[in-house]
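To start, the structure under review is shown below, and the notes come after it.
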Protein chains: 4
Amino acid sequence: MSSRRTKSTENKPRQARGQATIDAILEATIRILERESLEHATTTRIAEIAGVSVGTLYHHFEDRDAILHALQEREFARALAMMQDVLSQENLGAAPRETVERVVRGLATLYESSPALHRVLAIEGLRVANAERVHAFDLRVIDVVRGFLLQSREHLRAPDASAAAFVAYQSVRATMLASLLERPPGLDLDTLVGQLVDLVVRYLIRDDAAGATEQRGA
Amino acid sequence: MSSRRTKSTENKPRQARGQATIDAILEATIRILERESLEHATTTRIAEIAGVSVGTLYHHFEDRDAILHALQEREFARALAMMQDVLSQENLGAAPRETVERVVRGLATLYESSPALHRVLAIEGLRVANAERVHAFDLRVIDVVRGFLLQSREHLRAPDASAAAFVAYQSVRATMLASLLERPPGLDLDTLVGQLVDLVVRYLIRDDAAGATEQRGA
Amino acid sequence: MSSRRTKSTENKPRQARGQATIDAILEATIRILERESLEHATTTRIAEIAGVSVGTLYHHFEDRDAILHALQEREFARALAMMQDVLSQENLGAAPRETVERVVRGLATLYESSPALHRVLAIEGLRVANAERVHAFDLRVIDVVRGFLLQSREHLRAPDASAAAFVAYQSVRATMLASLLERPPGLDLDTLVGQLVDLVVRYLIRDDAAGATEQRGA
Amino acid sequence: MSSRRTKSTENKPRQARGQATIDAILEATIRILERESLEHATTTRIAEIAGVSVGTLYHHFEDRDAILHALQEREFARALAMMQDVLSQENLGAAPRETVERVVRGLATLYESSPALHRVLAIEGLRVANAERVHAFDLRVIDVVRGFLLQSREHLRAPDASAAAFVAYQSVRATMLASLLERPPGLDLDTLVGQLVDLVVRYLIRDDAAGATEQRGA
DNA sequence: TATGAATGAGGATTCATTCAT
DNA sequence: TATGAATGAATCCTCATTCAT
């Protein structure tokens, strides 16, 4: 579940001190990303802001990348947890449009809490070196989505659940990020969510099933 | 129209020698991006592969970034030209779904000709430093799309043309890139194009107008 | 008191290791200036002769200039200390000519210990970029001299202490340096000091007060 | 008389075109020195401002240094001509103080016409590589001054004409430059000239001879 | 565990100078 | 003569990482 890049510290609770240091480093990194940029997030700088020495930083992280990876994993985990929660059995009763909206809004909340971080994670995700890691995550997400699609088969069109899951996920993810970064006038968060829900619902759900609720969203 | 980053060489046709050198540098850069990565595209390396000296490289480009910017502008220009062509007056007669398909396929062709380049351009586009430039391009694209939407008003739903253009464009762009980079099994180019056309058409076009042709695309 | 250009290492005594490295770098720089020239004092060269890596050099100095600045400050401090010592209260009893001679000779000793260094400091002092720093030092020196002039008012002519201090200081400084660099025949150090003392004493001191001792100096 | 560094163009009048180009280059250089700094006076920059190509620049000057040398020679010649004029036979009748004042003021006029240029020439003069050239000039100046001193022997003290000429010249030169660059408050040009005349007159001239006119100058 | 001085390969950039046109 | 594209050695500087204390 956790990364093999976070030295030693597997799941074992360890000393709270160790985890506190790790957290300080991660938060310092995010802070730099938010206030400045990826380029400024040098190991020295991160350590400085985290209030530790570079040496200590390297005691907890294999290398610089490991810090970004840890951040990535943390966000991946959050996103997956949110999705699994919303798309779990218990919510199967809800109207499809409502379920979709809960996922989209959940994602929006995650992104909004630190657009800069997600900007960087998106960049990292595009790096050749990280391809594998990111694709693995994408697969997991898509799997969750596909699972939902298959279980809601009756309300759906789209015969190919994998392709549909992929397209829907990428569209929501990228549009949301672009919107948060560009902040195009007239596209506030609610409008954005509404549009994305429309986009996904119309793409995924059978006309008769979706039609009813749509007017409220748009 | 062209970038102010390409030193001196504004519009002046110059000696063909100059343009040939610039092209060599741009092509060398793409070649490195395709075979290796952004990190490997150092000025020394680019110059070496372009068969010129670093000095020459700097004679034509303000700095390393200017090379990427030039590449960006070139792709921007191509994409815009394609879109303007497809969405121009003359094509207004075509069925909406056909028009959308032509745009999506046009974009796919562009992306497919060098996924590595578009990977890097996407990364660059996410860099804070480039925000302005990229957003400006996005605005131009969205403007073209919006123009089309407004002219095809009769067939469309979506009251807010700007928001719709933004969502549609970002969705297509990102999904296409992710697909080209991850190559998810079962999502070949034709399927991808089909899905994206579905996505966009269902999102943008009035149910009655779109319904008829859909089965062929999926 | 010390420069803000010497990284981090403010007042903290640090490990002796750190100061030793800094000294090694400064001495290496002087050595190069003496044997070669300012142009040869590249960061690589300095590090090499100091027996450290470039990285270490940059660990202690913000940039190349900071090294020269540190050298400048060190010499500034020495000169000021010498002057303050000679011109302090306790020496007010001495004959003006004797006081002047002590200052001139003190300066000569400082300059003679490394003419090459002072050549370079003079050059640096003329750089536009350093204007502020150098003027600040000049002001401090002139302030010390002016203080002395004001306290010795009875023996002096020159109504404008500031102007007089400026003229006297610049004359001594520049003539001394030129003499050390050009080594004009017939102008050995003692003659030079004698001439400068004459110059200053006759310029500053009331005719009756200065006359008596002059013959010995010339 | 002229430099052996100015290619071909010896004394021969040549085409006016050639001289015009040379002048344009020299003036462009001065302009850069005045507006910016020595570092900015690159060959490319100079050529650009002079309105010629680098190639042309190199047709007229052996190398970059030759431009500065030409500037140096030009100023040297001007200063010498001024001095020779003032100190020539015909002016021997004038009161010593008046003669000194004319020299000091003449120098001030020269310096004031381009402090930035003289700043740079002073820097260049301090470069090891230029030692010879500069010393040669100094010798010529000092020779002129010494000649005057010897001819005015009756009014002077200072037995060693060479040393006195050296000290007087360096003092005036350096103080004037420093004053023009630092512009210390309360030291306007007239005050400066007055002070320097005082300095020199009191240093060089027998008390009885100088005393009379002094009050006017101070 | 913590520290931070030291490392040094590697990258971007400059600029005087040349030479084919 | 004039041009300016091309050259490439040389320089400054960064930063991830190590290791003695």
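Here's how to read the names in the structure tokens: chain A, B, ... by the order shown, residue numbers from 1 in each chain, ligand numbers from 1 in the order shown.
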
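For the pair chain C and chain A, the all-Cα root-mean-square deviation following least-squares superposition comes to 0.3 Å.
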
(Q) Using DSSP assignments from the backbone, pull out every residue in chain C that falls under helix (DSSP H, G or I) and give it to me as JSON, numbers by chain. (A) {"C": [16, 17, 18, 19, 20, 21, 22, 23, 24, 25, 26, 27, 28, 29, 30, 31, 32, 33, 34, 35, 38, 39, 40, 43, 44, 45, 46, 47, 48, 49, 50, 54, 55, 56, 57, 58, 59, 60, 64, 65, 66, 67, 68, 69, 70, 71, 72, 73, 74, 75, 76, 77, 78, 79, 80, 81, 82, 83, 84, 85, 86, 89, 90, 91, 92, 93, 96, 97, 98, 99, 100, 101, 102, 103, 104, 105, 106, 107, 108, 109, 110, 111, 112, 115, 116, 117, 118, 119, 120, 121, 122, 123, 124, 125, 126, 128, 129, 130, 131, 132, 133, 134, 135, 136, 137, 138, 139, 140, 141, 142, 143, 144, 145, 146, 147, 148, 149, 150, 151, 153, 154, 155, 161, 162, 163, 164, 165, 166, 167, 168, 169, 170, 171, 172, 173, 174, 175, 176, 177, 178, 179, 180, 181, 182, 189, 190, 191, 192, 193, 194, 195, 196, 197, 198, 199, 200, 201, 202, 203, 204, 207, 208, 209, 210, 211, 212, 213, 214, 215, 216, 217]}

Q. With distances taken over only C-alpha atoms (C1' of nucleotides), which of F:DT1, F:DC12, F:DT17, F:DA6 is nearest to chain B?
A. F:DA6

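Every residue of chain E that lies within 9 Å of chain A is listed here, counting only C-alpha atoms (C1' of nucleotides): DT1, DA2, DT3 and DG4 of chain E.
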
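Interatomic distance, CA of Asp85 in chain D to CA of Ala131 in chain D: 26.6 Å.
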
Residues of chain F that approach chain D to 8 Å or less, counting only C-alpha atoms (C1' of nucleotides): could you list each one with the shortest pair of atoms and its distance in Å to one decimal, rows by chain and increasing residue number, as JSON lines?
```
{"residue": "F:DA2", "atom": "C1'", "partner": "D:Thr56", "partner_atom": "CA", "distance": 6.1}
{"residue": "F:DT3", "atom": "C1'", "partner": "D:Ser53", "partner_atom": "CA", "distance": 6.2}
{"residue": "F:DG4", "atom": "C1'", "partner": "D:Ser53", "partner_atom": "CA", "distance": 7.0}
```

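Every protein, DNA or RNA residue with an atom at most 7 Å from Thr43 in chain D, where only C-alpha atoms (C1' of nucleotides) count and chain neighbours fewer than 2 positions away do not, is listed here: Ala41, Arg45, Ile46, Ala47, Val54 and Arg64 of chain D.
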
Q: Name all residues at most 7 Å from range 139-152 of chain D (count only C-alpha atoms (C1' of nucleotides); drop same-chain ones fewer than 2 positions away) and give them as a PyMOL selection string.
A: chain D and resi 80+84+87+135-137+154-156+161-162+165-166

Would you save the residues of that selection, restricted to C-alpha atoms, as a short mmCIF file (atom, residue, chain, number, x, y, z; two decimals), in the first residue's frame?
```
data_model
loop_
_atom_site.label_atom_id
_atom_site.label_comp_id
_atom_site.auth_asym_id
_atom_site.auth_seq_id
_atom_site.Cartn_x
_atom_site.Cartn_y
_atom_site.Cartn_z
CA LEU D 80 48.65 66.17 -22.68
CA GLN D 84 51.37 71.44 -22.72
CA LEU D 87 52.38 75.00 -19.09
CA HIS D 135 52.97 54.13 -17.06
CA ALA D 136 54.30 55.49 -20.29
CA PHE D 137 51.55 58.06 -20.32
CA GLU D 154 62.35 80.16 -8.25
CA HIS D 155 58.83 79.99 -6.90
CA LEU D 156 58.98 76.40 -5.78
CA ALA D 161 60.85 67.64 -9.22
CA SER D 162 60.08 64.09 -10.39
CA ALA D 165 55.26 65.90 -10.21
CA PHE D 166 54.21 62.33 -9.58
#
```

Q) Can you tell me how far CA of Gly106 in chain D sits from CA of His118 in chain C, in Å to one decimal? A) 29.2 Å

Q: Can you check which residues of chain B have any atom within 9 Å of chain A? Use only C-alpha atoms and format it as a count of residues only.
A: 53

List the neighbours of His40 in chain D out to 12 Å using only C-alpha atoms (C1' of nucleotides); skip same-chain residues closer than 5 positions along the sequence, and give me the result as a PDB file with N, CA and C atoms (P, O5', C5', C4', C3', O3' and C1' of nucleotides), in the first residue's frame.
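The result, stored in selection-v2.pdb:
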```pdb
ATOM      1  N   VAL C 128      30.882  50.131 -11.254  1.00  0.00           N
ATOM      2  CA  VAL C 128      29.597  50.748 -10.947  1.00  0.00           C
ATOM      3  C   VAL C 128      28.834  49.934  -9.909  1.00  0.00           C
TER       4      VAL C 128
ATOM      5  N   ALA D  28      30.084  54.986 -29.848  1.00  0.00           N
ATOM      6  CA  ALA D  28      29.144  53.954 -29.380  1.00  0.00           C
ATOM      7  C   ALA D  28      29.673  53.343 -28.081  1.00  0.00           C
ATOM      8  N   THR D  29      30.954  53.109 -28.057  1.00  0.00           N
ATOM      9  CA  THR D  29      31.556  52.529 -26.850  1.00  0.00           C
ATOM     10  C   THR D  29      31.367  53.453 -25.653  1.00  0.00           C
ATOM     11  N   ILE D  30      31.672  54.708 -25.865  1.00  0.00           N
ATOM     12  CA  ILE D  30      31.502  55.664 -24.772  1.00  0.00           C
ATOM     13  C   ILE D  30      30.052  55.700 -24.306  1.00  0.00           C
ATOM     14  N   ARG D  31      29.173  55.668 -25.273  1.00  0.00           N
ATOM     15  CA  ARG D  31      27.757  55.720 -24.922  1.00  0.00           C
ATOM     16  C   ARG D  31      27.363  54.542 -24.033  1.00  0.00           C
ATOM     17  N   ILE D  32      27.880  53.396 -24.373  1.00  0.00           N
ATOM     18  CA  ILE D  32      27.565  52.218 -23.548  1.00  0.00           C
ATOM     19  C   ILE D  32      28.186  52.362 -22.162  1.00  0.00           C
ATOM     20  N   LEU D  33      29.403  52.825 -22.130  1.00  0.00           N
ATOM     21  CA  LEU D  33      30.062  53.004 -20.837  1.00  0.00           C
ATOM     22  C   LEU D  33      29.271  53.984 -19.968  1.00  0.00           C
ATOM     23  N   GLU D  34      28.745  54.988 -20.598  1.00  0.00           N
ATOM     24  CA  GLU D  34      28.021  55.993 -19.830  1.00  0.00           C
ATOM     25  C   GLU D  34      26.669  55.487 -19.353  1.00  0.00           C
ATOM     26  N   ARG D  35      26.006  54.786 -20.244  1.00  0.00           N
ATOM     27  CA  ARG D  35      24.660  54.342 -19.894  1.00  0.00           C
ATOM     28  C   ARG D  35      24.691  53.038 -19.104  1.00  0.00           C
ATOM     29  N   ARG D  45      27.557  44.424 -29.105  1.00  0.00           N
ATOM     30  CA  ARG D  45      26.785  45.577 -28.636  1.00  0.00           C
ATOM     31  C   ARG D  45      27.336  46.874 -29.234  1.00  0.00           C
ATOM     32  N   ILE D  46      28.627  47.020 -29.188  1.00  0.00           N
ATOM     33  CA  ILE D  46      29.251  48.227 -29.724  1.00  0.00           C
ATOM     34  C   ILE D  46      28.906  48.385 -31.207  1.00  0.00           C
ATOM     35  N   ILE D  49      25.267  49.424 -31.762  1.00  0.00           N
ATOM     36  CA  ILE D  49      24.986  50.831 -31.473  1.00  0.00           C
ATOM     37  C   ILE D  49      25.693  51.754 -32.465  1.00  0.00           C
TER      38      ILE D  49
ATOM     39  P    DT E  14      23.523  34.627 -21.955  1.00  0.00           P
ATOM     40  O5'  DT E  14      25.073  34.926 -22.096  1.00  0.00           O
ATOM     41  C5'  DT E  14      25.853  34.945 -20.920  1.00  0.00           C
ATOM     42  C4'  DT E  14      27.284  35.239 -21.279  1.00  0.00           C
ATOM     43  C3'  DT E  14      27.439  36.316 -22.356  1.00  0.00           C
ATOM     44  O3'  DT E  14      28.492  37.149 -21.914  1.00  0.00           O
ATOM     45  C1'  DT E  14      28.548  34.349 -23.029  1.00  0.00           C
ATOM     46  P    DC E  15      28.553  38.637 -22.396  1.00  0.00           P
ATOM     47  O5'  DC E  15      29.778  38.543 -23.390  1.00  0.00           O
ATOM     48  C5'  DC E  15      30.855  37.688 -23.023  1.00  0.00           C
ATOM     49  C4'  DC E  15      31.802  37.551 -24.194  1.00  0.00           C
ATOM     50  C3'  DC E  15      31.617  38.622 -25.273  1.00  0.00           C
ATOM     51  O3'  DC E  15      32.893  38.943 -25.769  1.00  0.00           O
ATOM     52  C1'  DC E  15      31.376  36.518 -26.234  1.00  0.00           C
TER      53       DC E  15
END
```
